[in-house]
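Have a look at upload.pdb; it's PDB, C-alpha atoms:
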MODEL        1
ATOM      1  CA  MET A   1      69.773  89.562 138.485  1.00  0.00           C
ATOM      2  CA  LYS A   2      68.240  90.380 135.099  1.00  0.00           C
ATOM      3  CA  VAL A   3      70.979  92.942 134.402  1.00  0.00           C
ATOM      4  CA  ILE A   4      73.712  90.384 135.068  1.00  0.00           C
ATOM      5  CA  ASN A   5      72.060  87.878 132.727  1.00  0.00           C
ATOM      6  CA  TRP A   6      71.717  90.600 130.062  1.00  0.00           C
ATOM      7  CA  PHE A   7      75.444  91.396 130.281  1.00  0.00           C
ATOM      8  CA  LYS A   8      76.248  87.685 130.152  1.00  0.00           C
ATOM      9  CA  ARG A   9      74.176  87.249 126.969  1.00  0.00           C
ATOM     10  CA  LEU A  10      75.722  90.403 125.487  1.00  0.00           C
ATOM     11  CA  PHE A  11      79.169  88.787 125.387  1.00  0.00           C
ATOM     12  CA  THR A  12      78.085  85.330 124.186  1.00  0.00           C
ATOM     13  CA  ASP A  13      77.148  84.009 120.753  1.00  0.00           C
ATOM     14  CA  ASP A  14      74.059  82.025 119.705  1.00  0.00           C
ATOM     15  CA  LYS A  15      75.285  78.844 121.351  1.00  0.00           C
ATOM     16  CA  GLY A  16      76.087  80.524 124.683  1.00  0.00           C
ATOM     17  CA  VAL A  17      79.849  80.420 124.113  1.00  0.00           C
ATOM     18  CA  PRO A  18      81.757  83.586 125.121  1.00  0.00           C
ATOM     19  CA  SER A  19      82.703  85.600 122.031  1.00  0.00           C
ATOM     20  CA  SER A  20      86.053  87.400 122.072  1.00  0.00           C
ATOM     21  CA  LYS A  21      85.079  89.415 118.986  1.00  0.00           C
ATOM     22  CA  ARG A  22      82.050  90.852 120.743  1.00  0.00           C
ATOM     23  CA  PHE A  23      84.072  91.540 123.892  1.00  0.00           C
ATOM     24  CA  VAL A  24      86.832  93.375 122.008  1.00  0.00           C
ATOM     25  CA  GLY A  25      84.340  95.302 119.867  1.00  0.00           C
ATOM     26  CA  ILE A  26      82.236  96.459 122.800  1.00  0.00           C
ATOM     27  CA  ILE A  27      85.250  97.408 124.943  1.00  0.00           C
ATOM     28  CA  ALA A  28      86.842  99.307 122.017  1.00  0.00           C
ATOM     29  CA  GLY A  29      83.579 101.114 121.291  1.00  0.00           C
ATOM     30  CA  LEU A  30      83.078 102.072 124.928  1.00  0.00           C
ATOM     31  CA  SER A  31      86.657 103.282 125.305  1.00  0.00           C
ATOM     32  CA  LEU A  32      86.302 105.337 122.121  1.00  0.00           C
ATOM     33  CA  CYS A  33      83.067 106.950 123.336  1.00  0.00           C
ATOM     34  CA  ILE A  34      84.523 107.712 126.773  1.00  0.00           C
ATOM     35  CA  THR A  35      87.719 109.149 125.275  1.00  0.00           C
ATOM     36  CA  LEU A  36      85.846 111.390 122.857  1.00  0.00           C
ATOM     37  CA  PHE A  37      83.479 112.572 125.592  1.00  0.00           C
ATOM     38  CA  LEU A  38      86.307 113.392 128.010  1.00  0.00           C
ATOM     39  CA  ASN A  39      88.253 115.063 125.209  1.00  0.00           C
ATOM     40  CA  GLN A  40      85.596 117.785 125.073  1.00  0.00           C
ATOM     41  CA  PHE A  41      86.675 119.015 128.507  1.00  0.00           C
ATOM     42  CA  THR A  42      90.464 118.980 128.012  1.00  0.00           C
ATOM     43  CA  GLU A  43      92.834 121.325 126.249  1.00  0.00           C
ATOM     44  CA  GLU A  44      93.651 120.729 122.591  1.00  0.00           C
ATOM     45  CA  HIS A  45      97.280 119.692 123.139  1.00  0.00           C
ATOM     46  CA  ILE A  46      96.127 116.793 125.377  1.00  0.00           C
ATOM     47  CA  ALA A  47      93.816 115.351 122.710  1.00  0.00           C
ATOM     48  CA  PRO A  48      94.557 111.860 121.335  1.00  0.00           C
ATOM     49  CA  SER A  49      95.889 111.719 117.806  1.00  0.00           C
ATOM     50  CA  PRO A  50      93.386 111.278 114.960  1.00  0.00           C
ATOM     51  CA  VAL A  51      95.252 108.156 113.821  1.00  0.00           C
ATOM     52  CA  LEU A  52      94.712 106.536 117.221  1.00  0.00           C
ATOM     53  CA  ILE A  53      91.018 107.430 117.202  1.00  0.00           C
ATOM     54  CA  ASN A  54      90.594 105.978 113.711  1.00  0.00           C
ATOM     55  CA  ALA A  55      92.459 102.803 114.706  1.00  0.00           C
ATOM     56  CA  VAL A  56      90.238 102.188 117.748  1.00  0.00           C
ATOM     57  CA  ALA A  57      87.127 102.933 115.688  1.00  0.00           C
ATOM     58  CA  ALA A  58      88.253 100.487 112.978  1.00  0.00           C
ATOM     59  CA  LEU A  59      88.943  97.853 115.642  1.00  0.00           C
ATOM     60  CA  ALA A  60      85.490  98.286 117.165  1.00  0.00           C
ATOM     61  CA  PHE A  61      83.656  98.270 113.839  1.00  0.00           C
ATOM     62  CA  GLY A  62      85.750  95.388 112.528  1.00  0.00           C
ATOM     63  CA  ALA A  63      85.281  93.193 115.597  1.00  0.00           C
ATOM     64  CA  LEU A  64      81.540  93.780 115.772  1.00  0.00           C
ATOM     65  CA  GLY A  65      81.240  93.376 112.004  1.00  0.00           C
ATOM     66  CA  LEU A  66      83.070  90.052 112.122  1.00  0.00           C
ATOM     67  CA  ALA A  67      80.751  88.841 114.872  1.00  0.00           C
ATOM     68  CA  SER A  68      77.782  89.743 112.667  1.00  0.00           C
ATOM     69  CA  ALA A  69      79.334  88.194 109.552  1.00  0.00           C
ATOM     70  CA  ASP A  70      79.876  84.903 111.382  1.00  0.00           C
ATOM     71  CA  LYS A  71      76.214  84.864 112.262  1.00  0.00           C
ATOM     72  CA  ILE A  72      75.084  85.552 108.680  1.00  0.00           C
ATOM     73  CA  TRP A  73      77.586  83.455 106.717  1.00  0.00           C
ATOM     74  CA  GLY A  74      78.488  80.843 109.323  1.00  0.00           C
ATOM     75  CA  LYS A  75      79.718  77.451 108.188  1.00  0.00           C
ATOM     76  CA  LYS A  76      76.821  75.014 107.671  1.00  0.00           C
ATOM     77  CA  GLY A  77      77.021  71.509 109.074  1.00  0.00           C
ATOM     78  CA  GLY A  78      76.042  68.339 107.250  1.00  0.00           C
ATOM     79  CA  ASP A  79      72.555  68.400 108.768  1.00  0.00           C
ATOM     80  CA  GLY A  80      71.841  71.987 107.667  1.00  0.00           C
ATOM     81  CA  THR A  81      72.643  73.572 111.043  1.00  0.00           C
ATOM     82  CA  GLN A  82      75.393  76.060 111.638  1.00  0.00           C
ATOM     83  CA  GLU A  83      78.507  74.771 113.381  1.00  0.00           C
TER      84      GLU A  83
ENDMDL
END
In C-alpha cells, what does this structure look like?
Amino acid sequence: MKVINWFKRLFTDDKGVPSSKRFVGIIAGLSLCITLFLNQFTEEHIAPSPVLINAVAALAFGALGLASADKIWGKKGGDGTQE
C-alpha cells in the first residue's frame, strides 16, 4: 500500500491535485530511458533519429522544469499563500 501512495504523491502537486506536467515529464523521461536502453541491443539502422531523441528529452526536461518553476515562482494570494 505504501508503494501505491508513493506513486499517487509522485503525480500530484503540493495541494494534492494531479499534475499533468509531472505526468508528461515522467512518462517522457521513462520512455526516453527505455528507448535508449533497448537501442543498445538493436542494429544501427533501427535506431531512432537523433532529432526524435532530442525532442523527447526536451519535452521531459521542459515539463519537469515547468513543474518546478511553478513551485518556486507560483502566484501569491492576497494572504501571502500560493494559489
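Matched in the shown structure by the PyMOL selection byres ((chain A and resi 36) around 12): Gly29, Leu30, Ser31, Leu32, Cys33, Ile34, Thr35, Phe37, Leu38, Asn39, Gln40, Phe41, Thr42, Ile46, Ala47, Pro48, Ser49, Pro50, Leu52, Ile53, Asn54, Val56 and Ala57 of chain A.
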Gap from CA of Leu59 (chain A) to CA of Ala28 (chain A) - Å, one decimal = 6.9 Å
Box dimensions and centre (Å, one decimal) enclosing region 27-33 of chain A, axis-aligned, 3 Å extra per side, as AutoDock Vina command-line options:
--center_x 85.0 --center_y 102.2 --center_z 123.3 --size_x 9.8 --size_y 15.5 --size_z 10.0
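The space separating CA of Ile26 (chain A) from CA of Leu64 (chain A) comes to 7.6 Å.
Picture a line from CA of Ile27 (chain A) to CA of Lys15 (chain A); it runs 21.4 Å.
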Name the residues, using the chain letters and numbers of the file, that sit within 12 Å of (79.4, 88.4, 127.9) when counting all atoms listed in the file, and give them as an mmCIF file with C-alpha atoms, keeping the file's coordinate frame.
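That gives us selection.cif:
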data_model
loop_
_atom_site.group_PDB
_atom_site.id
_atom_site.type_symbol
_atom_site.label_atom_id
_atom_site.label_comp_id
_atom_site.auth_asym_id
_atom_site.auth_seq_id
_atom_site.Cartn_x
_atom_site.Cartn_y
_atom_site.Cartn_z
ATOM 1 C CA VAL A 3 70.979 92.942 134.402
ATOM 2 C CA ILE A 4 73.712 90.384 135.068
ATOM 3 C CA ASN A 5 72.060 87.878 132.727
ATOM 4 C CA TRP A 6 71.717 90.600 130.062
ATOM 5 C CA PHE A 7 75.444 91.396 130.281
ATOM 6 C CA LYS A 8 76.248 87.685 130.152
ATOM 7 C CA ARG A 9 74.176 87.249 126.969
ATOM 8 C CA LEU A 10 75.722 90.403 125.487
ATOM 9 C CA PHE A 11 79.169 88.787 125.387
ATOM 10 C CA THR A 12 78.085 85.330 124.186
ATOM 11 C CA ASP A 13 77.148 84.009 120.753
ATOM 12 C CA ASP A 14 74.059 82.025 119.705
ATOM 13 C CA GLY A 16 76.087 80.524 124.683
ATOM 14 C CA VAL A 17 79.849 80.420 124.113
ATOM 15 C CA PRO A 18 81.757 83.586 125.121
ATOM 16 C CA SER A 19 82.703 85.600 122.031
ATOM 17 C CA SER A 20 86.053 87.400 122.072
ATOM 18 C CA LYS A 21 85.079 89.415 118.986
ATOM 19 C CA ARG A 22 82.050 90.852 120.743
ATOM 20 C CA PHE A 23 84.072 91.540 123.892
ATOM 21 C CA VAL A 24 86.832 93.375 122.008
ATOM 22 C CA GLY A 25 84.340 95.302 119.867
ATOM 23 C CA ILE A 26 82.236 96.459 122.800
ATOM 24 C CA ILE A 27 85.250 97.408 124.943
#
Using the block above, I'd like region 27-73 of chain A written out, keeping N, CA and C atoms and formatting it as a PDB file, in the first residue's frame.
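What follows is the written file decode_0.pdb:
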ATOM      1  N   ILE A  27       6.608  10.346 -17.783  1.00  0.00           N
ATOM      2  CA  ILE A  27       6.383   9.379 -18.862  1.00  0.00           C
ATOM      3  C   ILE A  27       7.385   9.596 -19.991  1.00  0.00           C
ATOM      4  N   ALA A  28       7.653  10.844 -20.366  1.00  0.00           N
ATOM      5  CA  ALA A  28       8.632  11.130 -21.427  1.00  0.00           C
ATOM      6  C   ALA A  28      10.024  10.696 -21.000  1.00  0.00           C
ATOM      7  N   GLY A  29      10.394  10.951 -19.768  1.00  0.00           N
ATOM      8  CA  GLY A  29      11.707  10.537 -19.276  1.00  0.00           C
ATOM      9  C   GLY A  29      11.855   9.026 -19.244  1.00  0.00           C
ATOM     10  N   LEU A  30      10.827   8.334 -18.784  1.00  0.00           N
ATOM     11  CA  LEU A  30      10.875   6.872 -18.757  1.00  0.00           C
ATOM     12  C   LEU A  30      10.944   6.283 -20.158  1.00  0.00           C
ATOM     13  N   SER A  31      10.131   6.830 -21.075  1.00  0.00           N
ATOM     14  CA  SER A  31      10.170   6.309 -22.445  1.00  0.00           C
ATOM     15  C   SER A  31      11.523   6.573 -23.099  1.00  0.00           C
ATOM     16  N   LEU A  32      12.132   7.704 -22.801  1.00  0.00           N
ATOM     17  CA  LEU A  32      13.457   8.009 -23.337  1.00  0.00           C
ATOM     18  C   LEU A  32      14.503   7.032 -22.791  1.00  0.00           C
ATOM     19  N   CYS A  33      14.471   6.777 -21.497  1.00  0.00           N
ATOM     20  CA  CYS A  33      15.423   5.838 -20.895  1.00  0.00           C
ATOM     21  C   CYS A  33      15.240   4.426 -21.444  1.00  0.00           C
ATOM     22  N   ILE A  34      14.009   3.976 -21.575  1.00  0.00           N
ATOM     23  CA  ILE A  34      13.741   2.639 -22.099  1.00  0.00           C
ATOM     24  C   ILE A  34      14.185   2.527 -23.550  1.00  0.00           C
ATOM     25  N   THR A  35      13.886   3.559 -24.351  1.00  0.00           N
ATOM     26  CA  THR A  35      14.283   3.545 -25.761  1.00  0.00           C
ATOM     27  C   THR A  35      15.797   3.508 -25.908  1.00  0.00           C
ATOM     28  N   LEU A  36      16.499   4.323 -25.156  1.00  0.00           N
ATOM     29  CA  LEU A  36      17.957   4.340 -25.255  1.00  0.00           C
ATOM     30  C   LEU A  36      18.573   3.032 -24.758  1.00  0.00           C
ATOM     31  N   PHE A  37      17.989   2.435 -23.728  1.00  0.00           N
ATOM     32  CA  PHE A  37      18.495   1.156 -23.241  1.00  0.00           C
ATOM     33  C   PHE A  37      18.282   0.054 -24.282  1.00  0.00           C
ATOM     34  N   LEU A  38      17.081  -0.024 -24.845  1.00  0.00           N
ATOM     35  CA  LEU A  38      16.798  -1.053 -25.840  1.00  0.00           C
ATOM     36  C   LEU A  38      17.571  -0.834 -27.131  1.00  0.00           C
ATOM     37  N   ASN A  39      17.912   0.408 -27.408  1.00  0.00           N
ATOM     38  CA  ASN A  39      18.665   0.736 -28.621  1.00  0.00           C
ATOM     39  C   ASN A  39      20.074   0.131 -28.595  1.00  0.00           C
ATOM     40  N   GLN A  40      20.590  -0.145 -27.420  1.00  0.00           N
ATOM     41  CA  GLN A  40      21.914  -0.756 -27.313  1.00  0.00           C
ATOM     42  C   GLN A  40      21.954  -2.162 -27.892  1.00  0.00           C
ATOM     43  N   PHE A  41      20.807  -2.830 -27.933  1.00  0.00           N
ATOM     44  CA  PHE A  41      20.747  -4.222 -28.363  1.00  0.00           C
ATOM     45  C   PHE A  41      20.180  -4.388 -29.775  1.00  0.00           C
ATOM     46  N   THR A  42      19.951  -3.308 -30.490  1.00  0.00           N
ATOM     47  CA  THR A  42      19.423  -3.397 -31.851  1.00  0.00           C
ATOM     48  C   THR A  42      20.487  -2.945 -32.846  1.00  0.00           C
ATOM     49  N   GLU A  43      20.212  -3.211 -34.105  1.00  0.00           N
ATOM     50  CA  GLU A  43      21.131  -2.793 -35.159  1.00  0.00           C
ATOM     51  C   GLU A  43      21.027  -1.284 -35.367  1.00  0.00           C
ATOM     52  N   GLU A  44      22.050  -0.714 -35.981  1.00  0.00           N
ATOM     53  CA  GLU A  44      22.125   0.743 -36.112  1.00  0.00           C
ATOM     54  C   GLU A  44      21.017   1.314 -36.997  1.00  0.00           C
ATOM     55  N   HIS A  45      20.603   0.599 -38.027  1.00  0.00           N
ATOM     56  CA  HIS A  45      19.582   1.147 -38.925  1.00  0.00           C
ATOM     57  C   HIS A  45      18.182   1.167 -38.289  1.00  0.00           C
ATOM     58  N   ILE A  46      18.003   0.520 -37.149  1.00  0.00           N
ATOM     59  CA  ILE A  46      16.719   0.528 -36.442  1.00  0.00           C
ATOM     60  C   ILE A  46      16.657   1.664 -35.422  1.00  0.00           C
ATOM     61  N   ALA A  47      17.759   2.285 -35.141  1.00  0.00           N
ATOM     62  CA  ALA A  47      17.848   3.312 -34.096  1.00  0.00           C
ATOM     63  C   ALA A  47      16.931   4.494 -34.388  1.00  0.00           C
ATOM     64  N   PRO A  48      16.342   5.087 -33.334  1.00  0.00           N
ATOM     65  CA  PRO A  48      15.523   6.297 -33.541  1.00  0.00           C
ATOM     66  C   PRO A  48      16.409   7.470 -33.953  1.00  0.00           C
ATOM     67  N   SER A  49      15.817   8.414 -34.643  1.00  0.00           N
ATOM     68  CA  SER A  49      16.596   9.549 -35.128  1.00  0.00           C
ATOM     69  C   SER A  49      17.038  10.431 -33.958  1.00  0.00           C
ATOM     70  N   PRO A  50      18.185  11.076 -34.098  1.00  0.00           N
ATOM     71  CA  PRO A  50      18.663  11.974 -33.029  1.00  0.00           C
ATOM     72  C   PRO A  50      17.707  13.137 -32.766  1.00  0.00           C
ATOM     73  N   VAL A  51      17.009  13.587 -33.795  1.00  0.00           N
ATOM     74  CA  VAL A  51      16.050  14.686 -33.615  1.00  0.00           C
ATOM     75  C   VAL A  51      14.904  14.240 -32.709  1.00  0.00           C
ATOM     76  N   LEU A  52      14.437  13.021 -32.891  1.00  0.00           N
ATOM     77  CA  LEU A  52      13.358  12.495 -32.057  1.00  0.00           C
ATOM     78  C   LEU A  52      13.818  12.334 -30.610  1.00  0.00           C
ATOM     79  N   ILE A  53      15.017  11.854 -30.421  1.00  0.00           N
ATOM     80  CA  ILE A  53      15.559  11.699 -29.063  1.00  0.00           C
ATOM     81  C   ILE A  53      15.678  13.055 -28.381  1.00  0.00           C
ATOM     82  N   ASN A  54      16.189  14.045 -29.102  1.00  0.00           N
ATOM     83  CA  ASN A  54      16.315  15.388 -28.527  1.00  0.00           C
ATOM     84  C   ASN A  54      14.952  15.999 -28.216  1.00  0.00           C
ATOM     85  N   ALA A  55      13.955  15.742 -29.064  1.00  0.00           N
ATOM     86  CA  ALA A  55      12.619  16.284 -28.827  1.00  0.00           C
ATOM     87  C   ALA A  55      11.994  15.688 -27.569  1.00  0.00           C
ATOM     88  N   VAL A  56      12.124  14.375 -27.391  1.00  0.00           N
ATOM     89  CA  VAL A  56      11.561  13.737 -26.190  1.00  0.00           C
ATOM     90  C   VAL A  56      12.313  14.197 -24.944  1.00  0.00           C
ATOM     91  N   ALA A  57      13.627  14.343 -25.055  1.00  0.00           N
ATOM     92  CA  ALA A  57      14.407  14.836 -23.916  1.00  0.00           C
ATOM     93  C   ALA A  57      14.005  16.263 -23.558  1.00  0.00           C
ATOM     94  N   ALA A  58      13.808  17.117 -24.556  1.00  0.00           N
ATOM     95  CA  ALA A  58      13.385  18.498 -24.294  1.00  0.00           C
ATOM     96  C   ALA A  58      11.993  18.531 -23.669  1.00  0.00           C
ATOM     97  N   LEU A  59      11.104  17.644 -24.122  1.00  0.00           N
ATOM     98  CA  LEU A  59       9.769  17.565 -23.538  1.00  0.00           C
ATOM     99  C   LEU A  59       9.836  17.150 -22.070  1.00  0.00           C
ATOM    100  N   ALA A  60      10.639  16.155 -21.772  1.00  0.00           N
ATOM    101  CA  ALA A  60      10.763  15.689 -20.388  1.00  0.00           C
ATOM    102  C   ALA A  60      11.366  16.764 -19.495  1.00  0.00           C
ATOM    103  N   PHE A  61      12.477  17.352 -19.934  1.00  0.00           N
ATOM    104  CA  PHE A  61      13.121  18.386 -19.126  1.00  0.00           C
ATOM    105  C   PHE A  61      12.240  19.618 -19.005  1.00  0.00           C
ATOM    106  N   GLY A  62      11.559  19.982 -20.073  1.00  0.00           N
ATOM    107  CA  GLY A  62      10.684  21.152 -20.035  1.00  0.00           C
ATOM    108  C   GLY A  62       9.502  20.953 -19.105  1.00  0.00           C
ATOM    109  N   ALA A  63       8.855  19.794 -19.193  1.00  0.00           N
ATOM    110  CA  ALA A  63       7.681  19.537 -18.353  1.00  0.00           C
ATOM    111  C   ALA A  63       8.068  19.477 -16.880  1.00  0.00           C
ATOM    112  N   LEU A  64       9.151  18.792 -16.570  1.00  0.00           N
ATOM    113  CA  LEU A  64       9.570  18.720 -15.170  1.00  0.00           C
ATOM    114  C   LEU A  64      10.112  20.057 -14.680  1.00  0.00           C
ATOM    115  N   GLY A  65      10.735  20.813 -15.561  1.00  0.00           N
ATOM    116  CA  GLY A  65      11.220  22.145 -15.199  1.00  0.00           C
ATOM    117  C   GLY A  65      10.075  23.106 -14.945  1.00  0.00           C
ATOM    118  N   LEU A  66       9.009  23.011 -15.742  1.00  0.00           N
ATOM    119  CA  LEU A  66       7.852  23.868 -15.516  1.00  0.00           C
ATOM    120  C   LEU A  66       7.158  23.523 -14.198  1.00  0.00           C
ATOM    121  N   ALA A  67       7.119  22.244 -13.863  1.00  0.00           N
ATOM    122  CA  ALA A  67       6.515  21.856 -12.587  1.00  0.00           C
ATOM    123  C   ALA A  67       7.329  22.429 -11.429  1.00  0.00           C
ATOM    124  N   SER A  68       8.642  22.452 -11.572  1.00  0.00           N
ATOM    125  CA  SER A  68       9.496  23.018 -10.523  1.00  0.00           C
ATOM    126  C   SER A  68       9.376  24.539 -10.480  1.00  0.00           C
ATOM    127  N   ALA A  69       9.298  25.170 -11.643  1.00  0.00           N
ATOM    128  CA  ALA A  69       9.191  26.629 -11.696  1.00  0.00           C
ATOM    129  C   ALA A  69       7.884  27.112 -11.074  1.00  0.00           C
ATOM    130  N   ASP A  70       6.805  26.361 -11.279  1.00  0.00           N
ATOM    131  CA  ASP A  70       5.536  26.727 -10.646  1.00  0.00           C
ATOM    132  C   ASP A  70       5.643  26.689  -9.131  1.00  0.00           C
ATOM    133  N   LYS A  71       6.405  25.746  -8.645  1.00  0.00           N
ATOM    134  CA  LYS A  71       6.563  25.619  -7.197  1.00  0.00           C
ATOM    135  C   LYS A  71       7.377  26.785  -6.637  1.00  0.00           C
ATOM    136  N   ILE A  72       8.418  27.205  -7.364  1.00  0.00           N
ATOM    137  CA  ILE A  72       9.304  28.260  -6.887  1.00  0.00           C
ATOM    138  C   ILE A  72       8.664  29.636  -7.050  1.00  0.00           C
ATOM    139  N   TRP A  73       8.150  29.913  -8.262  1.00  0.00           N
ATOM    140  CA  TRP A  73       7.626  31.241  -8.562  1.00  0.00           C
ATOM    141  C   TRP A  73       6.119  31.245  -8.719  1.00  0.00           C
TER     142      TRP A  73
END
